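**Q** Questions regarding the structure given below will be posed in turn.
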Amino acid sequence: MPPADRRHTAYARCSTHENDRTTPADRTTKGPTMDFDLSAEEREIRDWVRTFVRKEIVPLEPQVLERERRGERGLTADELKGLQDKARSSGFFGIQTPESHGGMGQGAVVAALIEIELGRSFVPFRFAGEADNILFSATEEQQETYLRPTIEGTRKSCFAITEPGAGSDARAIRTSARREGDEWVINGEKTFITGGHEADFVMVFAVTDKEKGADGGVTCFLVDRDRGWTSTPIDTMGEWGPAALVFEDVRVPHSAILGEEGKGFELAMRWIGKGRYMLPARALGSCERLVEMGMEWARNRVTFGQPIAERQAIQWMVADSAVEIEALRWLVLTAAWQVDRGIDSRQSQSMAKLYGGVKANEIVDRVLQMHGGMGYTRELPVERWYRELRLLRIYEGTDEIQRRTIARNLLKGHATVRGHLG
């Protein structure tokens, strides 16, 4: 098993020839300068997760489906912890958590590879030992109170920026924080907050300077539930269980500020940015599994004396899906590779998020169509994935926001259609 302290190497290794004085013509005889393969360590980590998913998670799927049909949680807290402990015994704890905090200290590419494998099952499993990336901006005292307990799983956090009137336009938030002496008084409402009903503390973003707004007037606060904020679950078409949060004169000390006063919007964008390549990574794994299920069904489903796999209509569905899956793979891994290389990855992340959301929905729709009436039932997981993947086009930046971002970057010259290779 791969030890927890191993570090990954870059997915695509580009030779820049900084010390190479040969001519371009000479270099063409030396073979390719770009490696699209995985390192031995990356492959070992990915294969371990692939095996773990196949042996430990996939067998739980029938039970999870049955529970969800009854309106119950797919995995109990004890079952999830049991799986996480089993993984931890093999060194899989805190994939991207720094080694200084007890994690594996892996980078974005390895995290994306792992997310792809986890996406091959709809069972709601994640490795333990993770904390929101912005929590690492906490002071030492805050780390003792919030970060370390979150990594160990004894505390649960949630990220709260979205409001009833400020979804895609995060700059339009109205939740306010008013300073009174050494305290801040928070008032406002947040909505569609993932984990908001289960969390015992929240990273809430509030306007502290109306004149500056998002440009230096938004601050992030760490607020314990016992400070007085309340939550109400929001029922959705999928298994995602967000909540609405209400803050009515919630008082916190000045020391509750995460990062710097007025710099909250920068923290929020850092949090959101990570999801824009990790979410499509998980969807990529789902699409792989769905197409495999569709092909297996097509080989065995016989109509008019032939398996439907022999029908051109089905073959084109398979072919189109395979091409789109491969394109999504490179969009996701390129974005992650850029993060690891310290390259501005925002354009690539938006492209991965946009393409992943649109194509995942097209692919699951095709697979449901292949299954016909059975695909529409809750006996198979196809309709569940159908509902789950629909969310990908909405949260952490809608399709429309991604298109706006991509186009704006191109039109203003911040990015080029030639990509990062130039």
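We label chains A, B, ... in the order they appear in the structure tokens, count residues from 1 in each chain, and number ligands from 1 in the order shown.
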Taking 4 positions as the minimum chain separation for residues in the same chain, which residues sit within 7 Å of segment 129-140 of chain A when counting only C-alpha atoms? Answer as a list in words.
**A**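 These residues fall inside the cut-off: Phe93, Gly94, Thr97, Gly103, Glu144, Leu147, Thr150, Ile151, Glu152, Gly153, Leu258, Gly259, Leu267 and Trp271 of chain A.
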**Q** Limited to all heavy atoms, could you put the picked residues into a file as a short mmCIF file (atom, residue, chain, number, x, y, z; two decimals), in the first residue's frame?
**A**
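New file again31.cif:
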data_model
loop_
_atom_site.label_atom_id
_atom_site.label_comp_id
_atom_site.auth_asym_id
_atom_site.auth_seq_id
_atom_site.Cartn_x
_atom_site.Cartn_y
_atom_site.Cartn_z
N PHE A 93 -5.48 9.04 4.37
CA PHE A 93 -6.09 9.96 5.33
C PHE A 93 -5.62 11.36 4.98
O PHE A 93 -4.42 11.62 4.90
CB PHE A 93 -5.68 9.60 6.75
CG PHE A 93 -6.24 10.53 7.82
CD1 PHE A 93 -7.52 10.35 8.30
CD2 PHE A 93 -5.46 11.56 8.33
CE1 PHE A 93 -8.03 11.19 9.29
CE2 PHE A 93 -5.97 12.41 9.30
CZ PHE A 93 -7.25 12.23 9.79
N GLY A 94 -6.56 12.27 4.75
CA GLY A 94 -6.18 13.64 4.43
C GLY A 94 -5.38 13.73 3.15
O GLY A 94 -4.21 14.08 3.16
N THR A 97 -4.32 17.17 2.76
CA THR A 97 -3.94 17.78 4.03
C THR A 97 -2.42 17.69 4.19
O THR A 97 -1.84 16.62 3.98
CB THR A 97 -4.63 17.07 5.20
OG1 THR A 97 -6.05 17.20 5.04
CG2 THR A 97 -4.21 17.65 6.53
N GLY A 103 -1.69 14.58 7.28
CA GLY A 103 -2.24 14.08 6.02
C GLY A 103 -1.19 13.54 5.08
O GLY A 103 -0.01 13.41 5.43
N GLU A 144 -6.41 25.23 16.44
CA GLU A 144 -6.67 24.30 17.54
C GLU A 144 -8.16 24.09 17.75
O GLU A 144 -8.61 22.99 18.08
CB GLU A 144 -6.04 24.83 18.83
CG GLU A 144 -4.53 24.75 18.87
CD GLU A 144 -4.02 23.32 18.82
OE1 GLU A 144 -4.70 22.42 19.36
OE2 GLU A 144 -2.95 23.09 18.22
N LEU A 147 -9.58 23.87 12.82
CA LEU A 147 -8.91 23.10 11.78
C LEU A 147 -8.58 21.68 12.20
O LEU A 147 -8.99 20.72 11.54
CB LEU A 147 -7.64 23.83 11.33
CG LEU A 147 -6.77 23.07 10.31
CD1 LEU A 147 -7.54 22.83 9.02
CD2 LEU A 147 -5.47 23.82 10.05
N THR A 150 -11.52 19.40 12.76
CA THR A 150 -12.17 19.06 11.49
C THR A 150 -11.40 17.97 10.78
O THR A 150 -11.99 17.02 10.24
CB THR A 150 -12.28 20.31 10.60
OG1 THR A 150 -13.04 21.31 11.27
CG2 THR A 150 -12.96 19.98 9.28
N ILE A 151 -10.08 18.07 10.76
CA ILE A 151 -9.25 17.04 10.13
C ILE A 151 -9.48 15.69 10.80
O ILE A 151 -9.59 14.65 10.13
CB ILE A 151 -7.76 17.44 10.20
CG1 ILE A 151 -7.49 18.63 9.28
CG2 ILE A 151 -6.86 16.26 9.83
CD1 ILE A 151 -6.11 19.23 9.42
N GLU A 152 -9.58 15.69 12.13
CA GLU A 152 -9.77 14.44 12.87
C GLU A 152 -11.21 13.95 12.84
O GLU A 152 -11.50 12.84 13.28
CB GLU A 152 -9.31 14.61 14.32
CG GLU A 152 -7.80 14.65 14.46
CD GLU A 152 -7.14 13.37 13.95
OE1 GLU A 152 -7.72 12.27 14.13
OE2 GLU A 152 -6.04 13.46 13.38
N GLY A 153 -12.13 14.76 12.32
CA GLY A 153 -13.52 14.33 12.19
C GLY A 153 -14.38 14.55 13.41
O GLY A 153 -15.52 14.07 13.46
N LEU A 258 -11.63 34.95 10.06
CA LEU A 258 -10.72 34.03 9.38
C LEU A 258 -9.95 34.82 8.34
O LEU A 258 -10.54 35.47 7.47
CB LEU A 258 -11.50 32.90 8.71
CG LEU A 258 -10.67 31.89 7.89
CD1 LEU A 258 -9.67 31.15 8.79
CD2 LEU A 258 -11.57 30.89 7.18
N GLY A 259 -8.63 34.75 8.39
CA GLY A 259 -7.82 35.55 7.49
C GLY A 259 -7.79 36.99 7.95
O GLY A 259 -7.66 37.27 9.14
N LEU A 267 -10.83 34.73 -0.04
CA LEU A 267 -10.92 33.39 0.54
C LEU A 267 -12.04 32.60 -0.12
O LEU A 267 -11.88 31.40 -0.42
CB LEU A 267 -11.18 33.47 2.04
CG LEU A 267 -10.03 33.90 2.95
CD1 LEU A 267 -10.51 33.95 4.39
CD2 LEU A 267 -8.85 32.94 2.83
N TRP A 271 -11.85 28.96 -2.18
CA TRP A 271 -12.65 27.78 -1.83
C TRP A 271 -13.42 27.28 -3.05
O TRP A 271 -13.43 26.09 -3.36
CB TRP A 271 -13.60 28.13 -0.70
CG TRP A 271 -14.34 26.97 -0.11
CD1 TRP A 271 -13.99 26.24 0.99
CD2 TRP A 271 -15.58 26.40 -0.58
NE1 TRP A 271 -14.92 25.26 1.23
CE2 TRP A 271 -15.91 25.32 0.28
CE3 TRP A 271 -16.43 26.68 -1.65
CZ2 TRP A 271 -17.05 24.55 0.11
CZ3 TRP A 271 -17.57 25.92 -1.81
CH2 TRP A 271 -17.87 24.86 -0.94
#
**Q** Mind the document's chain letters and residue numbers, and return as a compact mmCIF listing (two decimals) with N, CA, C and O atoms, in the first residue's frame the residues of segment 117-302 of chain A that DSSP labels alpha helix (DSSP H).
**A**
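Output (result36.txt):
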# COMPACT_ATOMS: atom_id res chain seq x y z
N GLU A 117 -11.91 8.05 -9.31
CA GLU A 117 -12.21 6.68 -8.88
C GLU A 117 -13.39 6.64 -7.92
O GLU A 117 -14.25 5.76 -8.01
N LEU A 118 -13.47 7.59 -6.99
CA LEU A 118 -14.60 7.63 -6.06
C LEU A 118 -15.90 7.90 -6.80
O LEU A 118 -16.97 7.43 -6.39
N GLU A 140 -3.14 30.24 14.82
CA GLU A 140 -2.80 29.03 15.57
C GLU A 140 -3.92 28.67 16.54
O GLU A 140 -4.28 27.50 16.69
N GLU A 141 -4.48 29.68 17.20
CA GLU A 141 -5.57 29.42 18.13
C GLU A 141 -6.80 28.88 17.40
O GLU A 141 -7.45 27.93 17.86
N GLN A 142 -7.12 29.47 16.25
CA GLN A 142 -8.25 28.99 15.46
C GLN A 142 -8.01 27.58 14.94
O GLN A 142 -8.94 26.77 14.87
N ARG A 148 -7.84 21.53 13.29
CA ARG A 148 -7.41 20.19 13.69
C ARG A 148 -8.58 19.27 14.05
O ARG A 148 -8.59 18.10 13.64
N PRO A 149 -9.59 19.76 14.79
CA PRO A 149 -10.76 18.89 15.05
C PRO A 149 -11.50 18.50 13.77
O PRO A 149 -12.06 17.40 13.68
N THR A 150 -11.52 19.40 12.76
CA THR A 150 -12.17 19.06 11.49
C THR A 150 -11.40 17.97 10.78
O THR A 150 -11.99 17.02 10.24
N ILE A 151 -10.08 18.07 10.76
CA ILE A 151 -9.25 17.04 10.13
C ILE A 151 -9.48 15.69 10.80
O ILE A 151 -9.59 14.65 10.13
N GLU A 152 -9.58 15.69 12.13
CA GLU A 152 -9.77 14.44 12.87
C GLU A 152 -11.21 13.95 12.84
O GLU A 152 -11.50 12.84 13.28
N GLY A 264 -12.33 38.64 2.80
CA GLY A 264 -13.13 37.42 2.75
C GLY A 264 -13.46 36.95 1.35
O GLY A 264 -13.52 35.74 1.08
N PHE A 265 -13.67 37.89 0.43
CA PHE A 265 -14.05 37.50 -0.92
C PHE A 265 -12.93 36.72 -1.59
O PHE A 265 -13.18 35.77 -2.34
N GLU A 266 -11.68 37.06 -1.31
CA GLU A 266 -10.55 36.32 -1.86
C GLU A 266 -10.54 34.89 -1.33
O GLU A 266 -10.26 33.94 -2.07
N LEU A 267 -10.83 34.73 -0.04
CA LEU A 267 -10.92 33.39 0.54
C LEU A 267 -12.04 32.60 -0.12
O LEU A 267 -11.88 31.40 -0.42
N ALA A 268 -13.18 33.24 -0.34
CA ALA A 268 -14.32 32.56 -0.94
C ALA A 268 -13.98 32.05 -2.33
O ALA A 268 -14.32 30.92 -2.69
N MET A 269 -13.32 32.86 -3.13
CA MET A 269 -12.96 32.45 -4.49
C MET A 269 -11.95 31.32 -4.48
O MET A 269 -11.97 30.45 -5.35
N ARG A 270 -11.07 31.30 -3.47
CA ARG A 270 -10.12 30.19 -3.36
C ARG A 270 -10.85 28.89 -3.05
O ARG A 270 -10.54 27.83 -3.60
N TRP A 271 -11.85 28.96 -2.18
CA TRP A 271 -12.65 27.78 -1.83
C TRP A 271 -13.42 27.28 -3.05
O TRP A 271 -13.43 26.09 -3.36
N ILE A 272 -14.08 28.19 -3.75
CA ILE A 272 -14.90 27.82 -4.90
C ILE A 272 -14.03 27.27 -6.03
O ILE A 272 -14.40 26.32 -6.71
N GLY A 273 -12.85 27.85 -6.24
CA GLY A 273 -11.98 27.43 -7.33
C GLY A 273 -11.62 25.96 -7.27
O GLY A 273 -11.58 25.27 -8.29
N LYS A 274 -11.39 25.44 -6.07
CA LYS A 274 -11.03 24.03 -5.94
C LYS A 274 -12.14 23.13 -6.46
O LYS A 274 -11.89 22.12 -7.12
N GLY A 275 -13.37 23.49 -6.19
CA GLY A 275 -14.50 22.67 -6.62
C GLY A 275 -14.67 22.63 -8.12
O GLY A 275 -15.30 21.72 -8.66
N ARG A 276 -14.10 23.60 -8.82
CA ARG A 276 -14.33 23.69 -10.26
C ARG A 276 -13.50 22.68 -11.04
O ARG A 276 -13.72 22.54 -12.24
N TYR A 277 -12.57 22.00 -10.41
CA TYR A 277 -11.94 20.86 -11.09
C TYR A 277 -12.20 19.55 -10.35
O TYR A 277 -12.19 18.48 -10.96
N MET A 278 -12.52 19.62 -9.06
CA MET A 278 -12.79 18.38 -8.32
C MET A 278 -14.20 17.85 -8.59
O MET A 278 -14.40 16.63 -8.66
N LEU A 279 -15.17 18.74 -8.75
CA LEU A 279 -16.53 18.28 -9.05
C LEU A 279 -16.61 17.57 -10.40
O LEU A 279 -17.17 16.47 -10.50
N PRO A 280 -16.06 18.15 -11.49
CA PRO A 280 -16.09 17.40 -12.76
C PRO A 280 -15.22 16.16 -12.73
O PRO A 280 -15.46 15.22 -13.49
N ALA A 281 -14.22 16.11 -11.85
CA ALA A 281 -13.41 14.89 -11.72
C ALA A 281 -14.29 13.75 -11.21
O ALA A 281 -14.25 12.63 -11.74
N ARG A 282 -15.09 14.02 -10.21
CA ARG A 282 -15.99 12.98 -9.69
C ARG A 282 -17.03 12.60 -10.73
O ARG A 282 -17.35 11.42 -10.90
N ALA A 283 -17.54 13.60 -11.47
CA ALA A 283 -18.51 13.31 -12.52
C ALA A 283 -17.89 12.46 -13.62
O ALA A 283 -18.57 11.61 -14.21
N LEU A 284 -16.61 12.65 -13.88
CA LEU A 284 -15.91 11.86 -14.88
C LEU A 284 -15.95 10.38 -14.52
O LEU A 284 -16.24 9.52 -15.37
N GLY A 285 -15.66 10.06 -13.26
CA GLY A 285 -15.74 8.67 -12.83
C GLY A 285 -17.14 8.11 -12.97
O GLY A 285 -17.33 6.95 -13.37
N SER A 286 -18.15 8.93 -12.66
CA SER A 286 -19.54 8.49 -12.80
C SER A 286 -19.85 8.17 -14.26
O SER A 286 -20.52 7.17 -14.56
N CYS A 287 -19.38 9.03 -15.17
CA CYS A 287 -19.64 8.81 -16.59
C CYS A 287 -18.99 7.53 -17.09
O CYS A 287 -19.57 6.79 -17.90
N GLU A 288 -17.77 7.28 -16.65
CA GLU A 288 -17.11 6.03 -17.04
C GLU A 288 -17.96 4.83 -16.64
O GLU A 288 -18.20 3.92 -17.43
N ARG A 289 -18.39 4.82 -15.39
CA ARG A 289 -19.18 3.69 -14.88
C ARG A 289 -20.52 3.60 -15.61
O ARG A 289 -20.98 2.50 -15.96
N LEU A 290 -21.16 4.72 -15.84
CA LEU A 290 -22.45 4.71 -16.52
C LEU A 290 -22.35 4.14 -17.92
O LEU A 290 -23.19 3.32 -18.34
N VAL A 291 -21.34 4.54 -18.67
CA VAL A 291 -21.18 4.03 -20.04
C VAL A 291 -20.86 2.54 -20.01
O VAL A 291 -21.36 1.77 -20.86
N GLU A 292 -20.08 2.10 -19.05
CA GLU A 292 -19.82 0.66 -18.90
C GLU A 292 -21.12 -0.09 -18.63
O GLU A 292 -21.36 -1.16 -19.20
N MET A 293 -21.97 0.47 -17.78
CA MET A 293 -23.26 -0.15 -17.50
C MET A 293 -24.12 -0.17 -18.75
O MET A 293 -24.80 -1.17 -19.04
N GLY A 294 -24.10 0.93 -19.50
CA GLY A 294 -24.89 1.00 -20.73
C GLY A 294 -24.44 -0.02 -21.75
O GLY A 294 -25.27 -0.66 -22.43
N MET A 295 -23.13 -0.20 -21.90
CA MET A 295 -22.62 -1.18 -22.86
C MET A 295 -22.99 -2.60 -22.45
O MET A 295 -23.35 -3.43 -23.30
N GLU A 296 -22.90 -2.87 -21.15
CA GLU A 296 -23.25 -4.21 -20.67
C GLU A 296 -24.74 -4.49 -20.93
O GLU A 296 -25.12 -5.59 -21.36
N TRP A 297 -25.57 -3.50 -20.69
CA TRP A 297 -27.01 -3.65 -20.94
C TRP A 297 -27.26 -3.88 -22.43
O TRP A 297 -28.04 -4.75 -22.82
N ALA A 298 -26.56 -3.10 -23.26
CA ALA A 298 -26.77 -3.19 -24.71
C ALA A 298 -26.34 -4.54 -25.27
O ALA A 298 -26.93 -5.04 -26.23
N ARG A 299 -25.33 -5.14 -24.67
CA ARG A 299 -24.88 -6.45 -25.15
C ARG A 299 -25.90 -7.54 -24.83
O ARG A 299 -25.98 -8.56 -25.54
N ASN A 300 -26.67 -7.35 -23.76
CA ASN A 300 -27.58 -8.39 -23.29
C ASN A 300 -29.05 -8.14 -23.61
O ASN A 300 -29.85 -9.07 -23.57
**Q** Could you give me, as a short mmCIF file (atom, residue, chain, number, x, y, z; two decimals) with N, CA, C and O atoms, in the first residue's frame, the residues within 12 Å of Leu333 of chain A, counting only C-alpha atoms and dropping anything in the same chain fewer than 6 positions from it?
**A**
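Ended up saving to around.cif:
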data_model
loop_
_atom_site.label_atom_id
_atom_site.label_comp_id
_atom_site.auth_asym_id
_atom_site.auth_seq_id
_atom_site.Cartn_x
_atom_site.Cartn_y
_atom_site.Cartn_z
N ALA A 10 4.35 15.55 -11.23
CA ALA A 10 3.39 16.16 -12.15
C ALA A 10 2.88 15.16 -13.16
O ALA A 10 3.59 14.25 -13.59
N TYR A 11 1.62 15.33 -13.52
CA TYR A 11 0.98 14.41 -14.46
C TYR A 11 1.57 14.53 -15.86
O TYR A 11 1.96 13.56 -16.47
N ALA A 12 1.60 15.73 -16.38
CA ALA A 12 2.20 15.94 -17.70
C ALA A 12 3.52 16.65 -17.51
O ALA A 12 3.57 17.75 -17.00
N PHE A 36 2.51 12.02 -21.17
CA PHE A 36 1.12 11.99 -20.76
C PHE A 36 0.80 10.77 -19.88
O PHE A 36 -0.36 10.45 -19.66
N ASP A 37 1.83 10.10 -19.40
CA ASP A 37 1.62 8.90 -18.59
C ASP A 37 1.60 9.28 -17.11
O ASP A 37 1.97 10.39 -16.72
N LEU A 38 1.17 8.34 -16.27
CA LEU A 38 1.24 8.52 -14.83
C LEU A 38 2.59 8.05 -14.33
O LEU A 38 3.17 7.11 -14.88
N GLY A 107 -0.94 16.54 -4.08
CA GLY A 107 -1.31 17.71 -4.86
C GLY A 107 -2.62 17.53 -5.58
O GLY A 107 -3.37 16.56 -5.37
N ALA A 108 -2.90 18.47 -6.48
CA ALA A 108 -4.18 18.51 -7.16
C ALA A 108 -4.37 17.35 -8.12
O ALA A 108 -5.49 16.83 -8.26
N VAL A 109 -3.32 16.94 -8.82
CA VAL A 109 -3.47 15.85 -9.80
C VAL A 109 -3.84 14.55 -9.10
O VAL A 109 -4.78 13.85 -9.52
N VAL A 110 -3.13 14.22 -8.04
CA VAL A 110 -3.45 12.98 -7.32
C VAL A 110 -4.85 13.07 -6.73
O VAL A 110 -5.62 12.10 -6.78
N ALA A 111 -5.21 14.23 -6.18
CA ALA A 111 -6.56 14.40 -5.62
C ALA A 111 -7.61 14.20 -6.70
O ALA A 111 -8.65 13.57 -6.46
N ALA A 112 -7.35 14.70 -7.91
CA ALA A 112 -8.31 14.54 -9.01
C ALA A 112 -8.40 13.08 -9.44
O ALA A 112 -9.50 12.56 -9.69
N LEU A 113 -7.27 12.40 -9.52
CA LEU A 113 -7.27 10.98 -9.87
C LEU A 113 -8.09 10.17 -8.87
O LEU A 113 -8.85 9.26 -9.25
N ILE A 114 -7.93 10.48 -7.59
CA ILE A 114 -8.68 9.79 -6.55
C ILE A 114 -10.17 10.10 -6.66
O ILE A 114 -11.03 9.21 -6.54
N GLU A 115 -10.50 11.36 -6.94
CA GLU A 115 -11.90 11.76 -7.06
C GLU A 115 -12.57 11.05 -8.23
O GLU A 115 -13.74 10.69 -8.15
N ILE A 116 -11.84 10.85 -9.31
CA ILE A 116 -12.39 10.13 -10.46
C ILE A 116 -12.79 8.72 -10.05
O ILE A 116 -13.88 8.24 -10.39
N ARG A 276 -14.10 23.60 -8.82
CA ARG A 276 -14.33 23.69 -10.26
C ARG A 276 -13.50 22.68 -11.04
O ARG A 276 -13.72 22.54 -12.24
N TYR A 277 -12.57 22.00 -10.41
CA TYR A 277 -11.94 20.86 -11.09
C TYR A 277 -12.20 19.55 -10.35
O TYR A 277 -12.19 18.48 -10.96
N MET A 278 -12.52 19.62 -9.06
CA MET A 278 -12.79 18.38 -8.32
C MET A 278 -14.20 17.85 -8.59
O MET A 278 -14.40 16.63 -8.66
N PRO A 280 -16.06 18.15 -11.49
CA PRO A 280 -16.09 17.40 -12.76
C PRO A 280 -15.22 16.16 -12.73
O PRO A 280 -15.46 15.22 -13.49
N ALA A 281 -14.22 16.11 -11.85
CA ALA A 281 -13.41 14.89 -11.72
C ALA A 281 -14.29 13.75 -11.21
O ALA A 281 -14.25 12.63 -11.74
N ARG A 282 -15.09 14.02 -10.21
CA ARG A 282 -15.99 12.98 -9.69
C ARG A 282 -17.03 12.60 -10.73
O ARG A 282 -17.35 11.42 -10.90
N LEU A 284 -16.61 12.65 -13.88
CA LEU A 284 -15.91 11.86 -14.88
C LEU A 284 -15.95 10.38 -14.52
O LEU A 284 -16.24 9.52 -15.37
N GLU A 326 -13.14 11.23 -22.70
CA GLU A 326 -11.70 11.45 -22.87
C GLU A 326 -11.37 12.94 -22.86
O GLU A 326 -10.38 13.38 -22.27
N ALA A 327 -12.19 13.75 -23.52
CA ALA A 327 -11.97 15.20 -23.51
C ALA A 327 -12.08 15.76 -22.10
O ALA A 327 -11.27 16.60 -21.68
N VAL A 339 -2.58 23.73 -11.38
CA VAL A 339 -2.57 24.08 -9.96
C VAL A 339 -1.26 23.62 -9.32
O VAL A 339 -0.61 24.37 -8.59
N ASP A 340 -0.86 22.40 -9.62
CA ASP A 340 0.38 21.87 -9.04
C ASP A 340 1.61 22.62 -9.53
O ASP A 340 2.60 22.72 -8.81
N SER A 345 -4.82 28.75 -12.95
CA SER A 345 -5.65 27.67 -13.49
C SER A 345 -7.12 28.05 -13.60
O SER A 345 -7.94 27.20 -13.95
N SER A 348 -8.84 27.23 -17.00
CA SER A 348 -8.96 25.78 -17.20
C SER A 348 -9.98 25.16 -16.26
O SER A 348 -10.71 24.25 -16.63
N GLN A 349 -10.04 25.66 -15.03
CA GLN A 349 -11.02 25.15 -14.08
C GLN A 349 -12.44 25.45 -14.55
O GLN A 349 -13.33 24.59 -14.46
N MET A 351 -13.39 25.87 -17.63
CA MET A 351 -13.66 25.02 -18.78
C MET A 351 -14.01 23.60 -18.34
O MET A 351 -14.95 22.99 -18.86
N ALA A 352 -13.27 23.07 -17.37
CA ALA A 352 -13.55 21.72 -16.87
C ALA A 352 -14.92 21.66 -16.23
O ALA A 352 -15.68 20.70 -16.44
N LYS A 353 -15.25 22.67 -15.44
CA LYS A 353 -16.55 22.70 -14.76
C LYS A 353 -17.69 22.79 -15.77
O LYS A 353 -18.70 22.06 -15.66
#
**Q** As a short mmCIF file (atom, residue, chain, number, x, y, z; two decimals) with C-alpha atoms, in the first residue's frame, please: all residues of segment 136-375 of chain A that backbone DSSP puts in strand (DSSP E or B).
**A**
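Saved file result19.cif follows:
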data_model
loop_
_atom_site.label_atom_id
_atom_site.label_comp_id
_atom_site.auth_asym_id
_atom_site.auth_seq_id
_atom_site.Cartn_x
_atom_site.Cartn_y
_atom_site.Cartn_z
CA SER A 157 -17.83 22.74 9.05
CA CYS A 158 -19.87 24.40 6.32
CA PHE A 159 -19.13 27.19 3.87
CA ALA A 160 -21.78 29.91 3.68
CA GLU A 163 -27.95 33.90 -0.25
CA ALA A 166 -26.90 36.27 -4.19
CA SER A 176 -23.88 42.08 7.35
CA ALA A 177 -21.49 42.20 10.27
CA ARG A 178 -21.48 45.34 12.42
CA ARG A 179 -18.65 45.97 14.84
CA GLU A 180 -19.49 46.86 18.44
CA GLU A 183 -17.44 42.07 18.97
CA TRP A 184 -19.16 41.73 15.60
CA VAL A 185 -22.93 41.38 15.26
CA ILE A 186 -23.99 39.27 12.26
CA ASN A 187 -27.40 39.46 10.59
CA GLY A 188 -28.61 37.80 7.42
CA GLU A 189 -29.67 34.60 5.70
CA LYS A 190 -27.72 32.03 3.70
CA THR A 191 -29.22 29.33 1.49
CA PHE A 192 -28.26 26.08 -0.27
CA ILE A 193 -25.44 25.51 2.20
CA THR A 194 -23.94 22.03 1.85
CA PHE A 201 -19.53 25.73 12.97
CA VAL A 202 -19.78 27.84 9.83
CA MET A 203 -17.40 29.90 7.72
CA VAL A 204 -19.83 32.72 7.00
CA PHE A 205 -19.16 35.66 4.69
CA ALA A 206 -20.60 39.02 5.64
CA VAL A 207 -20.32 42.61 4.45
CA VAL A 218 -16.37 41.33 2.86
CA THR A 219 -15.05 39.36 5.82
CA CYS A 220 -15.16 35.67 6.73
CA PHE A 221 -16.10 34.71 10.28
CA LEU A 222 -15.79 31.37 12.08
CA VAL A 223 -19.04 31.01 14.01
CA ASP A 224 -19.97 28.14 16.32
CA THR A 230 -30.09 28.26 13.10
CA SER A 231 -30.50 25.94 10.13
CA THR A 232 -33.38 24.39 8.21
CA PRO A 233 -32.96 21.53 5.69
CA PRO A 242 -28.39 21.64 1.69
CA ALA A 243 -29.76 23.95 4.35
CA ALA A 244 -30.86 27.53 4.92
CA LEU A 245 -29.01 29.37 7.71
CA VAL A 246 -30.35 32.35 9.64
CA PHE A 247 -28.26 34.82 11.65
CA GLU A 248 -30.15 37.15 13.96
CA ASP A 249 -27.88 39.40 16.03
CA VAL A 250 -25.30 36.62 16.30
CA ARG A 251 -22.35 37.97 18.27
CA VAL A 252 -18.77 36.81 17.79
CA PRO A 253 -15.47 38.19 19.06
CA ILE A 257 -12.29 36.57 11.73
CA LEU A 258 -10.72 34.03 9.38
CA LYS A 263 -10.30 39.94 2.54
CA VAL A 302 -32.25 -8.28 -27.34
CA THR A 303 -34.88 -6.71 -29.60
CA GLN A 306 -30.47 -8.86 -32.06
CA PRO A 307 -28.70 -7.27 -29.09
#
**Q** Which residue gives the smallest distance to Lys156 of chain A among A:Gly356, A:Gly74, A:Gly413, A:Gly196, with only C-alpha atoms counted?
**A**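 Distance minimum relative to Lys156 of chain A lands on A:Gly196.
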**Q** Nearest to Glu379 of chain A: which of A:Lys55, A:Arg69, A:Arg408, A:Arg43 is it, counting only C-alpha atoms?
**A** A:Arg69
